[in-house]
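Q: What follows is a structure written as structure tokens; I'll ask about it next.
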Amino acid sequence: MVLQQHELPDRLNITREGNPIMNVSRSEIQFPIAGLPIIDENKLDKLLDRVAKQTYQAPVNASLDGSGRIVPERFGYRLDSKAFAKKFYGDSGESPSSDLEAIMKPIYPKVDSELLATVREKMIGQYTTYFNSNNKNRSHNILLAARAINNQFVFPGETFSFNQTVGIRSADRGYLRAKIIVRGEVAEGIGGGICQISSTLFNAVDRAGLKIVQRYSHSRSVPYVPPGRDATVSWYGPDFAFQNSYNQPVLIRANVSGGQTTIYIYSSESVNVKGREVPGASKQLPREIDAERNVNGGGM
């Protein structure tokens with residue numbers, strides 16, 4: 001509890017760069033004791049949380065556009081809660097005002113243009129698979145998943161999780177119904193096709209010599225990779241994960257075009273790559289899996 005020392009306006013317009021965020025009453029943050037303007041710190045903490053959530057701006061890493069040009073990073077911002085609370089108490093030395101500006105601190109992105117320019121120097125892994133672009137729903141899901149992993153950085157010692165990066169595959173997030181494998185049977189499900197992206201990523205990562213942490217394979221082969229080279233994923237089940245075992249960051253680049261998806265793994269020229277031999281995928285366009293075919297496994 002802190003005693004207010006100045007006569008301050010009760011109504012406050014909380015702003016961010018002059019734009020209104022919310023309107024609050026100081027009396028609502030005080031204990032209901034007549035003549036004693038004492039702040040209830042629990043209520044103030046809740047107000048600070050609300051303001052922090054509404055003013056938070058995430059940083060954006062530098063990235064590469066479709067032509068390989070560097071898109072500069074952008075700073076993020078978060079509420080300076082201590083400085084904001086001081087102004088709320090009226091102890092800042094400024095004249096009392098009905099407007100209270102949210103004081104922000106910068107958040108620096110993990111990857112700036114300089115680091116990106118270094119990390120994209122050397123391709124250490126690459127893999128291409130093929131799909132039937134006439135299957136519009138499956139092609140759409142493949143594209144969404146590829147976009148989710150594109151321009152992702154994995155720093156030394158960090159672990160990349162496909163499920164955590166791509167997120168839940170739902171209709172709300174734009175995924176469509178397409179063939180999936182559920183308990184050995186081919187069925188229609190939201191997000192069908194994303195296992196082709198996780199499988200392509202697995203082979204690119206394996207070629208790059210990175211440490212495979214988690215991978216599950218169908219018990220029967222799928223048509224887009226050689227037998228035993230797939231990585232099935234499911235939001236409530238299997239994940240594909242790898243760890244960056246090198247001393248330099250790695251960058252994932254994913255491209256989908258014309259019935260073909262290619263994933264590239266890049267790093268610095270100074271990285272000492274210990275790549276592995278990985279069989280390539282057939283360039284023959286895979287046939288659609290027959291709905292009557294019994295296939296054991298967890299995803300497709």
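The way I read the labels, and the way they are meant: chains A, B, ... in the order of the structure tokens, residue 1 as the first residue of every chain, and ligand 1 as the first ligand shown, with later ones counted on from there.
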Step one, run DSSP on the backbone; step two, keep only residues of stretch 50-218 of chain A assigned to alpha helix (DSSP H); then write them as a VMD selection string.
A: chain A and resid 50 to 55 81 to 89 113 to 119 136 to 149 162 to 166 194 to 207
Q: Against stretch 265-287 of chain A, which residues of stretch 146-235 of chain A fall within 12 Å? For each one I want the closest pair of atoms and the distance in Å (one decimal), counting only C-alpha atoms, rows by chain and increasing residue number, as a Markdown table.
A:
| residue | atom | partner | partner_atom | distance |
| --- | --- | --- | --- | --- |
| A:Ile149 | CA | A:Ile265 | CA | 11.3 |
| A:Asn150 | CA | A:Ile265 | CA | 10.3 |
| A:Asn151 | CA | A:Ile265 | CA | 10.0 |
| A:Gln152 | CA | A:Ile265 | CA | 10.0 |
| A:Phe153 | CA | A:Tyr266 | CA | 9.5 |
| A:Val154 | CA | A:Ser267 | CA | 9.9 |
| A:Phe155 | CA | A:Ser267 | CA | 10.2 |
| A:Pro156 | CA | A:Ser267 | CA | 10.9 |
| A:Gln196 | CA | A:Ala281 | CA | 11.4 |
| A:Ser199 | CA | A:Ala281 | CA | 10.7 |
| A:Thr200 | CA | A:Ala281 | CA | 9.2 |
| A:Leu201 | CA | A:Ile265 | CA | 8.9 |
| A:Phe202 | CA | A:Val278 | CA | 10.2 |
| A:Asn203 | CA | A:Val278 | CA | 6.8 |
| A:Ala204 | CA | A:Ile265 | CA | 6.8 |
| A:Val205 | CA | A:Ile265 | CA | 6.9 |
| A:Asp206 | CA | A:Arg276 | CA | 6.3 |
| A:Arg207 | CA | A:Arg276 | CA | 4.8 |
| A:Ala208 | CA | A:Gly275 | CA | 4.7 |
| A:Gly209 | CA | A:Gly275 | CA | 4.1 |
| A:Leu210 | CA | A:Gly275 | CA | 7.8 |
| A:Lys211 | CA | A:Lys274 | CA | 10.6 |
| A:Ile212 | CA | A:Arg276 | CA | 11.9 |
| A:Val222 | CA | A:Pro286 | CA | 9.3 |
| A:Pro223 | CA | A:Pro286 | CA | 5.6 |
| A:Tyr224 | CA | A:Pro286 | CA | 6.3 |
| A:Val225 | CA | A:Ala281 | CA | 5.0 |
| A:Pro226 | CA | A:Ala281 | CA | 6.0 |
| A:Pro227 | CA | A:Ala281 | CA | 9.8 |
| A:Gly228 | CA | A:Pro279 | CA | 10.5 |
| A:Arg229 | CA | A:Pro279 | CA | 8.5 |
| A:Asp230 | CA | A:Ala281 | CA | 10.6 |
Q: For A:Val71, which residue among A:Tyr56, A:Asp112, A:Asn42, A:Ser257 is the nearest when counting only C-alpha atoms?
A: A:Asp112
Q: Pull the strand (DSSP E) assignments for stretch 5-249 of chain A out of DSSP run on the backbone, and list those residues as a ChimeraX atom specification.
A: /A:11-16,19-25,63-64,70-71,76-79,99-101,104-107,122-130,152-154,159-161,177-182,185-190,211-214,241-243
Q: With C-alpha atoms retained, could you export that selection as a PDB file, in the first residue's frame?
A:
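Output saved as part_34.pdb:
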ATOM      1  CA  ARG A  11     -10.284   9.697 -14.146  1.00  0.00           C
ATOM      2  CA  LEU A  12      -7.266   8.602 -16.131  1.00  0.00           C
ATOM      3  CA  ASN A  13      -6.948   8.130 -19.867  1.00  0.00           C
ATOM      4  CA  ILE A  14      -4.135   5.651 -20.363  1.00  0.00           C
ATOM      5  CA  THR A  15      -2.476   6.210 -23.737  1.00  0.00           C
ATOM      6  CA  ARG A  16       0.229   4.701 -25.934  1.00  0.00           C
ATOM      7  CA  ASN A  19      -3.589   6.887 -28.662  1.00  0.00           C
ATOM      8  CA  PRO A  20      -6.122   5.916 -25.969  1.00  0.00           C
ATOM      9  CA  ILE A  21      -5.849   2.432 -24.503  1.00  0.00           C
ATOM     10  CA  MET A  22      -8.319   2.490 -21.628  1.00  0.00           C
ATOM     11  CA  ASN A  23     -10.024   4.817 -19.172  1.00  0.00           C
ATOM     12  CA  VAL A  24      -9.752   3.989 -15.465  1.00  0.00           C
ATOM     13  CA  SER A  25     -10.647   5.559 -12.143  1.00  0.00           C
ATOM     14  CA  SER A  63      14.128 -12.522 -42.535  1.00  0.00           C
ATOM     15  CA  LEU A  64      14.492 -13.287 -46.215  1.00  0.00           C
ATOM     16  CA  ILE A  70      16.966  -9.363 -46.352  1.00  0.00           C
ATOM     17  CA  VAL A  71      13.901  -7.870 -44.669  1.00  0.00           C
ATOM     18  CA  GLY A  76       9.376  -4.886 -29.987  1.00  0.00           C
ATOM     19  CA  TYR A  77       8.167  -3.038 -26.906  1.00  0.00           C
ATOM     20  CA  ARG A  78       6.913  -3.925 -23.435  1.00  0.00           C
ATOM     21  CA  LEU A  79       5.540  -1.854 -20.574  1.00  0.00           C
ATOM     22  CA  ASP A  99      -3.705  11.483 -19.360  1.00  0.00           C
ATOM     23  CA  LEU A 100      -1.176   8.839 -18.412  1.00  0.00           C
ATOM     24  CA  GLU A 101       1.216   7.683 -21.128  1.00  0.00           C
ATOM     25  CA  MET A 104       7.674   1.356 -22.882  1.00  0.00           C
ATOM     26  CA  LYS A 105      10.965  -0.535 -22.978  1.00  0.00           C
ATOM     27  CA  PRO A 106      12.421  -1.861 -26.245  1.00  0.00           C
ATOM     28  CA  ILE A 107      12.705  -5.591 -26.892  1.00  0.00           C
ATOM     29  CA  LYS A 122      26.263 -21.665 -46.468  1.00  0.00           C
ATOM     30  CA  MET A 123      23.622 -24.254 -47.385  1.00  0.00           C
ATOM     31  CA  ILE A 124      24.311 -27.297 -45.205  1.00  0.00           C
ATOM     32  CA  GLY A 125      21.213 -29.373 -46.010  1.00  0.00           C
ATOM     33  CA  GLN A 126      18.472 -29.568 -48.634  1.00  0.00           C
ATOM     34  CA  TYR A 127      15.638 -31.923 -49.576  1.00  0.00           C
ATOM     35  CA  THR A 128      12.852 -31.896 -52.179  1.00  0.00           C
ATOM     36  CA  THR A 129       9.627 -33.888 -52.316  1.00  0.00           C
ATOM     37  CA  TYR A 130       6.759 -33.857 -54.809  1.00  0.00           C
ATOM     38  CA  GLN A 152      12.863 -20.028 -38.518  1.00  0.00           C
ATOM     39  CA  PHE A 153      16.192 -19.831 -36.693  1.00  0.00           C
ATOM     40  CA  VAL A 154      17.552 -22.478 -34.357  1.00  0.00           C
ATOM     41  CA  THR A 159      15.640 -27.699 -29.998  1.00  0.00           C
ATOM     42  CA  PHE A 160      13.177 -27.095 -32.834  1.00  0.00           C
ATOM     43  CA  SER A 161       9.722 -28.645 -32.420  1.00  0.00           C
ATOM     44  CA  ARG A 177      -9.820 -31.252 -44.790  1.00  0.00           C
ATOM     45  CA  ALA A 178      -7.640 -33.707 -46.692  1.00  0.00           C
ATOM     46  CA  LYS A 179      -6.578 -37.329 -46.409  1.00  0.00           C
ATOM     47  CA  ILE A 180      -4.819 -38.323 -43.192  1.00  0.00           C
ATOM     48  CA  ILE A 181      -3.901 -41.670 -41.648  1.00  0.00           C
ATOM     49  CA  VAL A 182      -5.689 -42.460 -38.397  1.00  0.00           C
ATOM     50  CA  GLU A 185      -6.969 -46.181 -41.905  1.00  0.00           C
ATOM     51  CA  VAL A 186      -7.062 -43.403 -44.506  1.00  0.00           C
ATOM     52  CA  ALA A 187      -9.649 -40.782 -43.552  1.00  0.00           C
ATOM     53  CA  GLU A 188     -10.504 -37.144 -44.089  1.00  0.00           C
ATOM     54  CA  GLY A 189      -9.167 -34.762 -41.458  1.00  0.00           C
ATOM     55  CA  ILE A 190      -8.202 -31.137 -40.895  1.00  0.00           C
ATOM     56  CA  LYS A 211      20.756 -34.102 -34.024  1.00  0.00           C
ATOM     57  CA  ILE A 212      17.363 -35.765 -34.428  1.00  0.00           C
ATOM     58  CA  VAL A 213      15.614 -35.610 -31.054  1.00  0.00           C
ATOM     59  CA  GLN A 214      12.190 -37.020 -31.878  1.00  0.00           C
ATOM     60  CA  ALA A 241      12.090 -32.334 -33.234  1.00  0.00           C
ATOM     61  CA  PHE A 242      15.787 -31.737 -33.800  1.00  0.00           C
ATOM     62  CA  GLN A 243      18.567 -29.998 -31.910  1.00  0.00           C
TER      63      GLN A 243
END
Q: Which distance in Å separates atom CA of A:Ala146 and atom CA of A:Gly68, to one decimal?
A: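 If I compute the distance from atom CA of A:Ala146 to atom CA of A:Gly68, I get 16.1 Å.
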Q: Please indicate the distance in Å from atom CA of A:Ile263 to atom CA of A:Asn132, rounded to one decimal place.
A: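 According to the coordinates, atom CA of A:Ile263 and atom CA of A:Asn132 are separated by 17.6 Å.
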Q: Leaving out A:Asp10 and any residue of its chain fewer than 4 positions from it, which residues lie within 10 Å of it when counting only C-alpha atoms, given as a JSON list (two decimals) with N, CA and C atoms, in the first residue's frame?
A:
[["chain", "number", "residue", "atom", "x", "y", "z"],
["A", 24, "VAL", "N", -9.61, 4.60, -16.79],
["A", 24, "VAL", "CA", -9.75, 3.99, -15.46],
["A", 24, "VAL", "C", -9.97, 5.07, -14.42],
["A", 25, "SER", "N", -10.44, 4.66, -13.28],
["A", 25, "SER", "CA", -10.65, 5.56, -12.14],
["A", 25, "SER", "C", -9.66, 5.22, -11.05],
["A", 26, "ARG", "N", -8.96, 6.23, -10.57],
["A", 26, "ARG", "CA", -8.02, 5.99, -9.46],
["A", 26, "ARG", "C", -8.76, 5.43, -8.24],
["A", 27, "SER", "N", -9.99, 5.91, -8.00],
["A", 27, "SER", "CA", -10.73, 5.47, -6.82],
["A", 27, "SER", "C", -11.02, 3.97, -6.85],
["A", 28, "GLU", "N", -11.08, 3.39, -8.07],
["A", 28, "GLU", "CA", -11.32, 1.96, -8.19],
["A", 28, "GLU", "C", -10.09, 1.15, -7.80],
["A", 97, "SER", "N", -2.19, 15.21, -14.32],
["A", 97, "SER", "CA", -2.85, 15.21, -15.61],
["A", 97, "SER", "C", -3.86, 14.07, -15.67],
["A", 98, "SER", "N", -4.88, 14.24, -16.51],
["A", 98, "SER", "CA", -5.86, 13.18, -16.68],
["A", 98, "SER", "C", -5.41, 12.16, -17.72]]
Q: For A:Arg173, which of A:Tyr108, A:Ala148, A:Asp40, A:Leu115 is the closest residue, counting only C-alpha atoms?
A: A:Ala148
